[in-house]
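S.K.: query.cif is reproduced in full below (mmCIF, C-alpha atoms, pLDDT in the B column; chains and numbers go by the auth columns).
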data_query
loop_
_atom_site.group_PDB
_atom_site.id
_atom_site.type_symbol
_atom_site.label_atom_id
_atom_site.label_comp_id
_atom_site.label_asym_id
_atom_site.label_seq_id
_atom_site.Cartn_x
_atom_site.Cartn_y
_atom_site.Cartn_z
_atom_site.B_iso_or_equiv
_atom_site.auth_seq_id
_atom_site.auth_asym_id
ATOM 1 C CA MET A 1 -1.709 -25.308 -45.114 80.00 1 A
ATOM 2 C CA ILE A 2 0.406 -23.543 -47.727 94.00 2 A
ATOM 3 C CA GLU A 3 2.919 -21.245 -46.084 97.00 3 A
ATOM 4 C CA ILE A 4 4.683 -18.315 -47.760 97.00 4 A
ATOM 5 C CA LEU A 5 7.870 -17.194 -45.979 97.00 5 A
ATOM 6 C CA ASN A 6 8.830 -13.556 -45.517 96.00 6 A
ATOM 7 C CA PRO A 7 12.469 -12.463 -46.127 95.00 7 A
ATOM 8 C CA THR A 8 13.447 -12.962 -42.470 96.00 8 A
ATOM 9 C CA LEU A 9 12.156 -16.530 -42.422 97.00 9 A
ATOM 10 C CA LEU A 10 13.727 -17.215 -45.804 97.00 10 A
ATOM 11 C CA THR A 11 17.113 -16.269 -44.347 97.00 11 A
ATOM 12 C CA ARG A 12 16.506 -18.741 -41.534 98.00 12 A
ATOM 13 C CA ALA A 13 15.525 -21.378 -44.099 98.00 13 A
ATOM 14 C CA ARG A 14 18.894 -20.933 -45.813 98.00 14 A
ATOM 15 C CA ASP A 15 20.630 -21.576 -42.492 98.00 15 A
ATOM 16 C CA THR A 16 18.552 -24.690 -41.861 98.00 16 A
ATOM 17 C CA GLY A 17 19.181 -25.977 -45.360 98.00 17 A
ATOM 18 C CA ALA A 18 22.927 -25.475 -44.993 98.00 18 A
ATOM 19 C CA LEU A 19 22.859 -27.418 -41.723 98.00 19 A
ATOM 20 C CA VAL A 20 20.953 -30.332 -43.276 98.00 20 A
ATOM 21 C CA ALA A 21 23.374 -30.456 -46.218 98.00 21 A
ATOM 22 C CA ASP A 22 26.408 -30.360 -43.926 98.00 22 A
ATOM 23 C CA ILE A 23 25.110 -33.141 -41.676 98.00 23 A
ATOM 24 C CA LEU A 24 24.266 -35.374 -44.638 98.00 24 A
ATOM 25 C CA GLN A 25 27.704 -34.944 -46.207 97.00 25 A
ATOM 26 C CA THR A 26 29.412 -35.650 -42.885 98.00 26 A
ATOM 27 C CA LEU A 27 27.327 -38.783 -42.396 98.00 27 A
ATOM 28 C CA LYS A 28 28.037 -39.909 -45.949 98.00 28 A
ATOM 29 C CA SER A 29 31.791 -39.627 -45.345 97.00 29 A
ATOM 30 C CA ARG A 30 31.471 -41.708 -42.156 98.00 30 A
ATOM 31 C CA SER A 31 29.236 -44.394 -43.699 98.00 31 A
ATOM 32 C CA THR A 32 31.782 -47.008 -44.654 98.00 32 A
ATOM 33 C CA VAL A 33 31.819 -50.794 -44.764 98.00 33 A
ATOM 34 C CA GLY A 34 31.074 -52.030 -41.222 98.00 34 A
ATOM 35 C CA THR A 35 29.307 -48.858 -40.064 98.00 35 A
ATOM 36 C CA ASN A 36 26.212 -49.627 -37.999 98.00 36 A
ATOM 37 C CA LEU A 37 22.978 -47.820 -38.887 98.00 37 A
ATOM 38 C CA LEU A 38 22.460 -47.085 -35.194 98.00 38 A
ATOM 39 C CA ASP A 39 25.817 -45.282 -35.128 98.00 39 A
ATOM 40 C CA ILE A 40 24.669 -43.107 -38.029 98.00 40 A
ATOM 41 C CA ASP A 41 21.560 -42.239 -36.029 98.00 41 A
ATOM 42 C CA ARG A 42 23.638 -41.352 -32.963 98.00 42 A
ATOM 43 C CA TRP A 43 25.954 -39.154 -35.036 98.00 43 A
ATOM 44 C CA ALA A 44 22.953 -37.378 -36.538 98.00 44 A
ATOM 45 C CA LYS A 45 21.495 -36.726 -33.101 98.00 45 A
ATOM 46 C CA SER A 46 24.784 -35.314 -31.830 98.00 46 A
ATOM 47 C CA MET A 47 25.168 -32.917 -34.764 98.00 47 A
ATOM 48 C CA ILE A 48 21.560 -31.748 -34.559 98.00 48 A
ATOM 49 C CA VAL A 49 21.811 -31.084 -30.822 98.00 49 A
ATOM 50 C CA ASP A 50 25.217 -29.382 -31.126 98.00 50 A
ATOM 51 C CA ALA A 51 23.765 -27.002 -33.738 98.00 51 A
ATOM 52 C CA GLY A 52 20.898 -26.027 -31.449 98.00 52 A
ATOM 53 C CA ALA A 53 18.424 -27.516 -33.916 98.00 53 A
ATOM 54 C CA LEU A 54 15.461 -29.851 -33.452 98.00 54 A
ATOM 55 C CA SER A 55 14.790 -33.180 -35.131 98.00 55 A
ATOM 56 C CA CYS A 56 11.662 -33.312 -37.279 98.00 56 A
ATOM 57 C CA TYR A 57 11.622 -37.103 -36.975 97.00 57 A
ATOM 58 C CA VAL A 58 12.179 -38.298 -33.431 97.00 58 A
ATOM 59 C CA ASP A 59 8.661 -37.474 -32.169 96.00 59 A
ATOM 60 C CA TYR A 60 6.974 -37.653 -35.571 96.00 60 A
ATOM 61 C CA GLU A 61 3.786 -39.732 -35.455 94.00 61 A
ATOM 62 C CA PRO A 62 1.813 -39.498 -38.734 90.00 62 A
ATOM 63 C CA SER A 63 -1.034 -41.743 -39.824 88.00 63 A
ATOM 64 C CA PHE A 64 1.246 -43.794 -42.122 88.00 64 A
ATOM 65 C CA GLY A 65 3.698 -44.747 -39.328 89.00 65 A
ATOM 66 C CA ARG A 66 3.269 -46.866 -36.216 92.00 66 A
ATOM 67 C CA GLY A 67 3.890 -44.689 -33.177 90.00 67 A
ATOM 68 C CA PRO A 68 6.636 -42.041 -32.889 96.00 68 A
ATOM 69 C CA PHE A 69 9.519 -42.618 -35.320 97.00 69 A
ATOM 70 C CA GLY A 70 11.955 -42.540 -32.403 97.00 70 A
ATOM 71 C CA HIS A 71 15.125 -41.804 -34.426 98.00 71 A
ATOM 72 C CA TYR A 72 16.911 -38.766 -35.860 98.00 72 A
ATOM 73 C CA ILE A 73 17.489 -39.862 -39.452 98.00 73 A
ATOM 74 C CA CYS A 74 16.005 -42.271 -41.988 98.00 74 A
ATOM 75 C CA THR A 75 18.461 -44.948 -43.126 98.00 75 A
ATOM 76 C CA ALA A 76 17.192 -47.036 -46.056 98.00 76 A
ATOM 77 C CA VAL A 77 19.375 -49.883 -47.371 98.00 77 A
ATOM 78 C CA ASN A 78 19.014 -51.633 -50.757 98.00 78 A
ATOM 79 C CA ASP A 79 15.328 -52.606 -51.084 98.00 79 A
ATOM 80 C CA ALA A 80 14.242 -50.065 -48.458 98.00 80 A
ATOM 81 C CA VAL A 81 13.350 -46.717 -50.008 98.00 81 A
ATOM 82 C CA LEU A 82 11.409 -44.474 -47.605 98.00 82 A
ATOM 83 C CA HIS A 83 11.106 -43.917 -43.846 97.00 83 A
ATOM 84 C CA GLY A 84 13.905 -46.360 -43.109 98.00 84 A
ATOM 85 C CA ARG A 85 14.055 -46.803 -39.345 98.00 85 A
ATOM 86 C CA PRO A 86 17.663 -47.322 -38.162 98.00 86 A
ATOM 87 C CA TYR A 87 18.339 -50.763 -36.684 98.00 87 A
ATOM 88 C CA ASP A 88 21.284 -52.965 -35.751 98.00 88 A
ATOM 89 C CA TYR A 89 22.777 -53.535 -39.194 98.00 89 A
ATOM 90 C CA LYS A 90 26.372 -53.149 -40.380 98.00 90 A
ATOM 91 C CA LEU A 91 26.828 -51.809 -43.888 98.00 91 A
ATOM 92 C CA ALA A 92 28.407 -54.120 -46.455 98.00 92 A
ATOM 93 C CA ASP A 93 30.455 -53.351 -49.549 97.00 93 A
ATOM 94 C CA GLY A 94 28.087 -52.463 -52.393 97.00 94 A
ATOM 95 C CA ASP A 95 25.086 -51.606 -50.229 98.00 95 A
ATOM 96 C CA LEU A 96 22.919 -48.808 -51.616 98.00 96 A
ATOM 97 C CA LEU A 97 22.238 -46.474 -48.698 98.00 97 A
ATOM 98 C CA THR A 98 19.784 -43.586 -48.584 98.00 98 A
ATOM 99 C CA LEU A 99 20.034 -41.005 -45.809 98.00 99 A
ATOM 100 C CA ASP A 100 16.986 -38.759 -45.375 98.00 100 A
ATOM 101 C CA LEU A 101 17.162 -35.911 -42.853 98.00 101 A
ATOM 102 C CA ALA A 102 14.841 -33.110 -41.767 98.00 102 A
ATOM 103 C CA VAL A 103 15.587 -30.634 -38.993 98.00 103 A
ATOM 104 C CA SER A 104 14.180 -27.352 -37.741 98.00 104 A
ATOM 105 C CA LEU A 105 16.390 -24.411 -36.810 98.00 105 A
ATOM 106 C CA ARG A 106 14.974 -21.184 -35.381 97.00 106 A
ATOM 107 C CA GLY A 107 11.491 -22.235 -36.367 97.00 107 A
ATOM 108 C CA VAL A 108 12.089 -23.195 -40.011 98.00 108 A
ATOM 109 C CA ALA A 109 12.524 -26.736 -41.327 98.00 109 A
ATOM 110 C CA ALA A 110 14.520 -28.165 -44.246 98.00 110 A
ATOM 111 C CA ASP A 111 14.498 -31.693 -45.664 98.00 111 A
ATOM 112 C CA ALA A 112 16.928 -33.518 -47.972 98.00 112 A
ATOM 113 C CA ALA A 113 17.960 -37.042 -48.969 98.00 113 A
ATOM 114 C CA ILE A 114 20.972 -38.584 -50.673 98.00 114 A
ATOM 115 C CA SER A 115 21.552 -42.084 -52.043 98.00 115 A
ATOM 116 C CA PHE A 116 25.032 -43.540 -52.514 98.00 116 A
ATOM 117 C CA ILE A 117 26.892 -46.821 -52.703 98.00 117 A
ATOM 118 C CA VAL A 118 28.924 -47.937 -49.703 98.00 118 A
ATOM 119 C CA GLY A 119 32.467 -49.182 -50.189 97.00 119 A
ATOM 120 C CA LYS A 120 34.316 -49.812 -53.447 94.00 120 A
ATOM 121 C CA ALA A 121 31.728 -51.884 -55.310 91.00 121 A
ATOM 122 C CA ALA A 122 29.591 -50.059 -57.871 90.00 122 A
ATOM 123 C CA PRO A 123 26.755 -52.279 -59.109 92.00 123 A
ATOM 124 C CA SER A 124 25.568 -50.853 -62.432 95.00 124 A
ATOM 125 C CA GLU A 125 21.884 -51.122 -61.490 95.00 125 A
ATOM 126 C CA SER A 126 22.481 -49.108 -58.331 97.00 126 A
ATOM 127 C CA VAL A 127 24.492 -46.465 -60.180 98.00 127 A
ATOM 128 C CA ALA A 128 21.658 -46.091 -62.701 98.00 128 A
ATOM 129 C CA LEU A 129 19.004 -45.808 -59.995 98.00 129 A
ATOM 130 C CA ILE A 130 20.870 -43.056 -58.162 98.00 130 A
ATOM 131 C CA SER A 131 21.709 -41.164 -61.341 98.00 131 A
ATOM 132 C CA THR A 132 18.079 -41.233 -62.479 98.00 132 A
ATOM 133 C CA THR A 133 16.726 -39.793 -59.227 98.00 133 A
ATOM 134 C CA GLU A 134 19.380 -37.064 -59.285 98.00 134 A
ATOM 135 C CA ARG A 135 18.551 -36.137 -62.885 98.00 135 A
ATOM 136 C CA ALA A 136 14.831 -36.148 -62.108 98.00 136 A
ATOM 137 C CA LEU A 137 15.418 -33.888 -59.116 98.00 137 A
ATOM 138 C CA ALA A 138 17.416 -31.458 -61.261 98.00 138 A
ATOM 139 C CA ALA A 139 14.630 -31.427 -63.853 98.00 139 A
ATOM 140 C CA GLY A 140 12.012 -30.707 -61.205 98.00 140 A
ATOM 141 C CA ILE A 141 14.057 -27.850 -59.787 98.00 141 A
ATOM 142 C CA ALA A 142 14.568 -26.384 -63.261 98.00 142 A
ATOM 143 C CA ALA A 143 10.791 -26.411 -63.790 98.00 143 A
ATOM 144 C CA ALA A 144 10.099 -24.516 -60.545 97.00 144 A
ATOM 145 C CA GLY A 145 9.762 -20.761 -60.578 86.00 145 A
ATOM 146 C CA PRO A 146 7.244 -17.961 -60.074 88.00 146 A
ATOM 147 C CA GLY A 147 4.214 -18.535 -62.274 91.00 147 A
ATOM 148 C CA ALA A 148 4.928 -22.229 -62.810 97.00 148 A
ATOM 149 C CA ARG A 149 2.572 -24.783 -61.322 98.00 149 A
ATOM 150 C CA ILE A 150 3.034 -27.924 -59.262 98.00 150 A
ATOM 151 C CA GLY A 151 2.099 -29.976 -62.308 98.00 151 A
ATOM 152 C CA ASP A 152 5.056 -28.514 -64.203 98.00 152 A
ATOM 153 C CA ILE A 153 7.440 -29.845 -61.548 98.00 153 A
ATOM 154 C CA SER A 154 5.704 -33.231 -61.383 98.00 154 A
ATOM 155 C CA HIS A 155 5.730 -33.564 -65.171 98.00 155 A
ATOM 156 C CA ALA A 156 9.449 -32.750 -65.374 98.00 156 A
ATOM 157 C CA VAL A 157 10.298 -35.279 -62.672 98.00 157 A
ATOM 158 C CA GLY A 158 8.037 -37.968 -64.074 98.00 158 A
ATOM 159 C CA THR A 159 9.372 -37.562 -67.602 98.00 159 A
ATOM 160 C CA VAL A 160 12.911 -38.381 -66.488 98.00 160 A
ATOM 161 C CA LEU A 161 11.791 -41.350 -64.394 98.00 161 A
ATOM 162 C CA SER A 162 9.521 -42.859 -67.030 98.00 162 A
ATOM 163 C CA GLU A 163 11.954 -42.335 -69.909 98.00 163 A
ATOM 164 C CA ALA A 164 14.535 -44.257 -67.868 98.00 164 A
ATOM 165 C CA GLY A 165 12.054 -47.124 -67.667 98.00 165 A
ATOM 166 C CA TYR A 166 11.183 -47.027 -63.975 98.00 166 A
ATOM 167 C CA PRO A 167 7.667 -47.493 -62.543 98.00 167 A
ATOM 168 C CA ILE A 168 6.405 -44.457 -60.605 98.00 168 A
ATOM 169 C CA ASN A 169 4.609 -44.663 -57.258 97.00 169 A
ATOM 170 C CA THR A 170 2.453 -41.647 -56.346 94.00 170 A
ATOM 171 C CA GLN A 171 1.619 -42.582 -52.733 95.00 171 A
ATOM 172 C CA PHE A 172 4.522 -40.466 -51.479 97.00 172 A
ATOM 173 C CA GLY A 173 6.225 -37.496 -53.102 97.00 173 A
ATOM 174 C CA GLY A 174 7.410 -33.971 -52.530 98.00 174 A
ATOM 175 C CA HIS A 175 5.689 -31.491 -50.270 98.00 175 A
ATOM 176 C CA GLY A 176 5.533 -27.989 -48.956 98.00 176 A
ATOM 177 C CA ILE A 177 7.749 -27.216 -45.981 98.00 177 A
ATOM 178 C CA GLY A 178 8.267 -24.265 -43.646 98.00 178 A
ATOM 179 C CA SER A 179 7.477 -23.950 -39.950 97.00 179 A
ATOM 180 C CA THR A 180 6.645 -27.669 -40.066 97.00 180 A
ATOM 181 C CA MET A 181 8.163 -30.494 -42.105 97.00 181 A
ATOM 182 C CA HIS A 182 5.142 -31.680 -44.104 96.00 182 A
ATOM 183 C CA GLN A 183 2.766 -29.112 -45.570 96.00 183 A
ATOM 184 C CA ASP A 184 0.666 -28.599 -48.665 97.00 184 A
ATOM 185 C CA PRO A 185 1.041 -28.638 -51.587 97.00 185 A
ATOM 186 C CA HIS A 186 1.713 -32.281 -52.364 97.00 186 A
ATOM 187 C CA VAL A 187 4.175 -32.685 -55.265 98.00 187 A
ATOM 188 C CA PRO A 188 3.662 -36.064 -56.990 98.00 188 A
ATOM 189 C CA ASN A 189 6.558 -37.549 -58.935 98.00 189 A
ATOM 190 C CA THR A 190 4.509 -37.516 -62.123 98.00 190 A
ATOM 191 C CA GLY A 191 1.814 -35.202 -63.363 97.00 191 A
ATOM 192 C CA ARG A 192 0.397 -32.945 -66.046 97.00 192 A
ATOM 193 C CA PRO A 193 1.981 -29.592 -66.860 97.00 193 A
ATOM 194 C CA GLY A 194 -0.031 -26.438 -66.262 97.00 194 A
ATOM 195 C CA ARG A 195 -2.063 -28.015 -63.451 97.00 195 A
ATOM 196 C CA GLY A 196 -2.145 -27.471 -59.715 97.00 196 A
ATOM 197 C CA TYR A 197 -1.072 -24.728 -57.338 97.00 197 A
ATOM 198 C CA LYS A 198 0.659 -21.696 -58.877 97.00 198 A
ATOM 199 C CA LEU A 199 4.105 -21.161 -57.342 97.00 199 A
ATOM 200 C CA ARG A 200 4.802 -17.910 -55.490 96.00 200 A
ATOM 201 C CA PRO A 201 8.014 -16.335 -54.167 96.00 201 A
ATOM 202 C CA GLY A 202 8.527 -17.357 -50.539 97.00 202 A
ATOM 203 C CA LEU A 203 7.152 -20.865 -51.020 97.00 203 A
ATOM 204 C CA LEU A 204 9.410 -23.693 -49.853 98.00 204 A
ATOM 205 C CA LEU A 205 9.134 -27.117 -51.447 98.00 205 A
ATOM 206 C CA ALA A 206 10.881 -30.394 -50.693 98.00 206 A
ATOM 207 C CA LEU A 207 11.165 -32.230 -54.017 98.00 207 A
ATOM 208 C CA GLU A 208 11.983 -35.924 -53.763 98.00 208 A
ATOM 209 C CA PRO A 209 12.073 -38.295 -56.720 98.00 209 A
ATOM 210 C CA TRP A 210 12.337 -41.916 -55.577 98.00 210 A
ATOM 211 C CA ILE A 211 12.162 -45.129 -57.555 98.00 211 A
ATOM 212 C CA MET A 212 12.276 -48.884 -57.296 98.00 212 A
ATOM 213 C CA ALA A 213 14.001 -50.872 -60.031 98.00 213 A
ATOM 214 C CA ASP A 214 11.116 -53.043 -61.213 98.00 214 A
ATOM 215 C CA THR A 215 7.948 -52.262 -59.256 98.00 215 A
ATOM 216 C CA ALA A 216 5.736 -49.426 -58.051 97.00 216 A
ATOM 217 C CA GLU A 217 4.431 -51.466 -55.115 98.00 217 A
ATOM 218 C CA LEU A 218 5.559 -50.842 -51.545 98.00 218 A
ATOM 219 C CA VAL A 219 5.440 -53.113 -48.515 98.00 219 A
ATOM 220 C CA THR A 220 5.793 -51.998 -44.894 97.00 220 A
ATOM 221 C CA ASP A 221 8.372 -53.596 -42.598 96.00 221 A
ATOM 222 C CA ALA A 222 7.466 -55.139 -39.272 94.00 222 A
ATOM 223 C CA ASP A 223 8.839 -51.979 -37.636 96.00 223 A
ATOM 224 C CA GLY A 224 5.731 -50.172 -38.876 96.00 224 A
ATOM 225 C CA TRP A 225 7.785 -47.533 -40.705 97.00 225 A
ATOM 226 C CA THR A 226 10.304 -48.767 -43.256 98.00 226 A
ATOM 227 C CA LEU A 227 8.880 -48.979 -46.777 98.00 227 A
ATOM 228 C CA ARG A 228 10.471 -51.539 -49.101 98.00 228 A
ATOM 229 C CA SER A 229 10.025 -52.613 -52.709 98.00 229 A
ATOM 230 C CA ALA A 230 7.485 -55.417 -52.953 98.00 230 A
ATOM 231 C CA THR A 231 9.836 -57.470 -55.138 98.00 231 A
ATOM 232 C CA GLY A 232 12.992 -56.950 -53.088 98.00 232 A
ATOM 233 C CA CYS A 233 14.603 -54.889 -55.860 98.00 233 A
ATOM 234 C CA ARG A 234 16.942 -52.008 -55.133 98.00 234 A
ATOM 235 C CA THR A 235 15.763 -48.432 -54.760 98.00 235 A
ATOM 236 C CA ALA A 236 17.043 -44.835 -54.692 98.00 236 A
ATOM 237 C CA HIS A 237 15.853 -41.467 -53.414 98.00 237 A
ATOM 238 C CA SER A 238 17.146 -37.907 -53.917 98.00 238 A
ATOM 239 C CA GLU A 239 15.708 -34.791 -52.277 98.00 239 A
ATOM 240 C CA HIS A 240 16.358 -31.071 -51.937 98.00 240 A
ATOM 241 C CA THR A 241 14.474 -28.271 -50.234 98.00 241 A
ATOM 242 C CA ILE A 242 14.075 -25.320 -52.588 98.00 242 A
ATOM 243 C CA ALA A 243 12.764 -21.784 -52.185 98.00 243 A
ATOM 244 C CA ILE A 244 10.746 -20.139 -54.939 97.00 244 A
ATOM 245 C CA THR A 245 12.209 -16.669 -55.559 95.00 245 A
ATOM 246 C CA ASP A 246 11.614 -13.936 -58.117 93.00 246 A
ATOM 247 C CA GLY A 247 14.583 -15.315 -60.059 92.00 247 A
ATOM 248 C CA GLY A 248 13.599 -18.988 -59.958 93.00 248 A
ATOM 249 C CA ALA A 249 14.278 -21.899 -57.618 97.00 249 A
ATOM 250 C CA GLU A 250 17.010 -21.570 -54.987 98.00 250 A
ATOM 251 C CA ILE A 251 18.369 -24.868 -53.642 98.00 251 A
ATOM 252 C CA LEU A 252 18.677 -24.528 -49.869 98.00 252 A
ATOM 253 C CA THR A 253 20.187 -27.960 -49.139 98.00 253 A
ATOM 254 C CA LEU A 254 23.020 -27.898 -51.674 95.00 254 A
ATOM 255 C CA PRO A 255 26.357 -29.128 -50.213 88.00 255 A
ATOM 256 C CA LYS A 256 29.055 -26.479 -49.999 78.00 256 A
ATOM 257 C CA GLN A 257 31.300 -28.240 -52.503 66.00 257 A
ATOM 258 C CA ALA A 258 28.468 -28.241 -55.060 66.00 258 A
ATOM 259 C CA GLN A 259 27.607 -24.561 -54.695 63.00 259 A
ATOM 260 C CA PRO A 260 28.496 -22.232 -57.604 57.00 260 A
#
Reformat the file's structure so that it appears as structure tokens.
M.R.:
Amino acid sequence: MIEILNPTLLTRARDTGALVADILQTLKSRSTVGTNLLDIDRWAKSMIVDAGALSCYVDYEPSFGRGPFGHYICTAVNDAVLHGRPYDYKLADGDLLTLDLAVSLRGVAADAAISFIVGKAAPSESVALISTTERALAAGIAAAGPGARIGDISHAVGTVLSEAGYPINTQFGGHGIGSTMHQDPHVPNTGRPGRGYKLRPGLLLALEPWIMADTAELVTDADGWTLRSATGCRTAHSEHTIAITDGGAEILTLPKQAQP
């Protein structure tokens, strides 16, 4: 299903996006050396409930997961890259942590992810991974606008990733979003320009470049959810929900301090 939002629902989407951005930034500030991933999950739950919102994850049970996810946020550390199920682990200095959050507020969902390094260490490989996903995300957003096509976004994202030398996995990528978290169209992280669905004002997309340092192969953890690099290399993931408007792409999950 491809859903086009009317102005009323688009206003709600802005509110949801702002909430997702605020929660992620709060969690980032609290995620220090010694923080337990289960504490991050509890904090996320508290903020979602206090806002009167609903988690898109806790009861989520897609074909690629094993049973309901059962948690309120994805926490992926180091070699974990997607669908990281929180567990009893305390963050260490230099860990590369990705937080991925989707919530629904007044019937409209928003989805975003941030990767960052915990503590004072700054391994150069990790810095490069994060920077590349952020640049790829910015390129994808710049390519999105009325009249553009999904392939234009995918090509822009993939160009940044491949020019940086990273393998690209196309099993998981961006997606449509609206009244539910995962909708059509699928937005691969590489593609051919001028191909695919033509973007229209009112369309919401969650764009999410993610990479692994030296492989495109994923393995699934024993928890049935967490996806890790097959080689144990580090990974990164950046995501925003955007709205296609007459003037171009509007980022709905931009943190307040980053807004113009």
S.K.: Compare A:Thr231, A:Ala249, A:Arg200, A:Val219 by their minimum atom-to-atom distance to Ile4 in chain A, counting only C-alpha atoms, and give me the closest one.
M.R.: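 With only C-alpha atoms as the atom set, the closest residue is A:Arg200.
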S.K.: Neighbours of range 125-127 of chain A within 8 Å (only C-alpha atoms; same-chain residues fewer than 6 positions away dropped), as a list in words?
M.R.: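 Selected residues are Leu96, Ile117, Arg234, Thr235 and Ala236 of chain A.
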S.K.: Given the file shown, determine the residues that the PyMOL selection byres ((chain A and resi 153-165) around 8) selects; report them as a count of residues only.
M.R.: 26
S.K.: How close does each residue of range 163-202 of chain A get to range 77-86 of chain A, giving the shortest atom pair and distance in Å to one decimal for every residue with an atom at most 12 Å away, counting all atoms listed in the file, sorted by chain and residue number, as JSON lines?
M.R.:
{"residue": "A:Asn169", "atom": "CA", "partner": "A:Val81", "partner_atom": "CA", "distance": 11.5}
{"residue": "A:Gln171", "atom": "CA", "partner": "A:Leu82", "partner_atom": "CA", "distance": 11.2}
{"residue": "A:Phe172", "atom": "CA", "partner": "A:Leu82", "partner_atom": "CA", "distance": 8.9}
{"residue": "A:Gly173", "atom": "CA", "partner": "A:Leu82", "partner_atom": "CA", "distance": 10.3}
S.K.: Point out the residue among A:Ser46, A:Ser31, A:Gln183, A:Thr226 with the least atom-to-atom distance to Glu3 in chain A, counting only C-alpha atoms.
M.R.: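 Looking at the shortest contact to Glu3 in chain A, the residue is A:Gln183.
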S.K.: Pick out the residues sitting within 12 Å of Ser63 in chain A, and hand them over as a short mmCIF file (atom, residue, chain, number, x, y, z; two decimals) with C-alpha atoms, keeping the file's coordinate frame; count only C-alpha atoms, and ignore anything fewer than 5 positions along from it in its own chain.
M.R.:
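Printed below is result28.cif as written:
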data_model
loop_
_atom_site.label_atom_id
_atom_site.label_comp_id
_atom_site.auth_asym_id
_atom_site.auth_seq_id
_atom_site.Cartn_x
_atom_site.Cartn_y
_atom_site.Cartn_z
CA PRO A 68 6.64 -42.04 -32.89
CA PHE A 69 9.52 -42.62 -35.32
CA GLY A 224 5.73 -50.17 -38.88
CA TRP A 225 7.78 -47.53 -40.70
#
S.K.: I'd like to know which of A:Ile114, A:Ala222, A:Ala213, A:Leu203 is closest to Val20 in chain A, using all atoms listed in the file.
M.R.: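 Among the listed residues, the smallest separation from Val20 in chain A belongs to A:Ile114.
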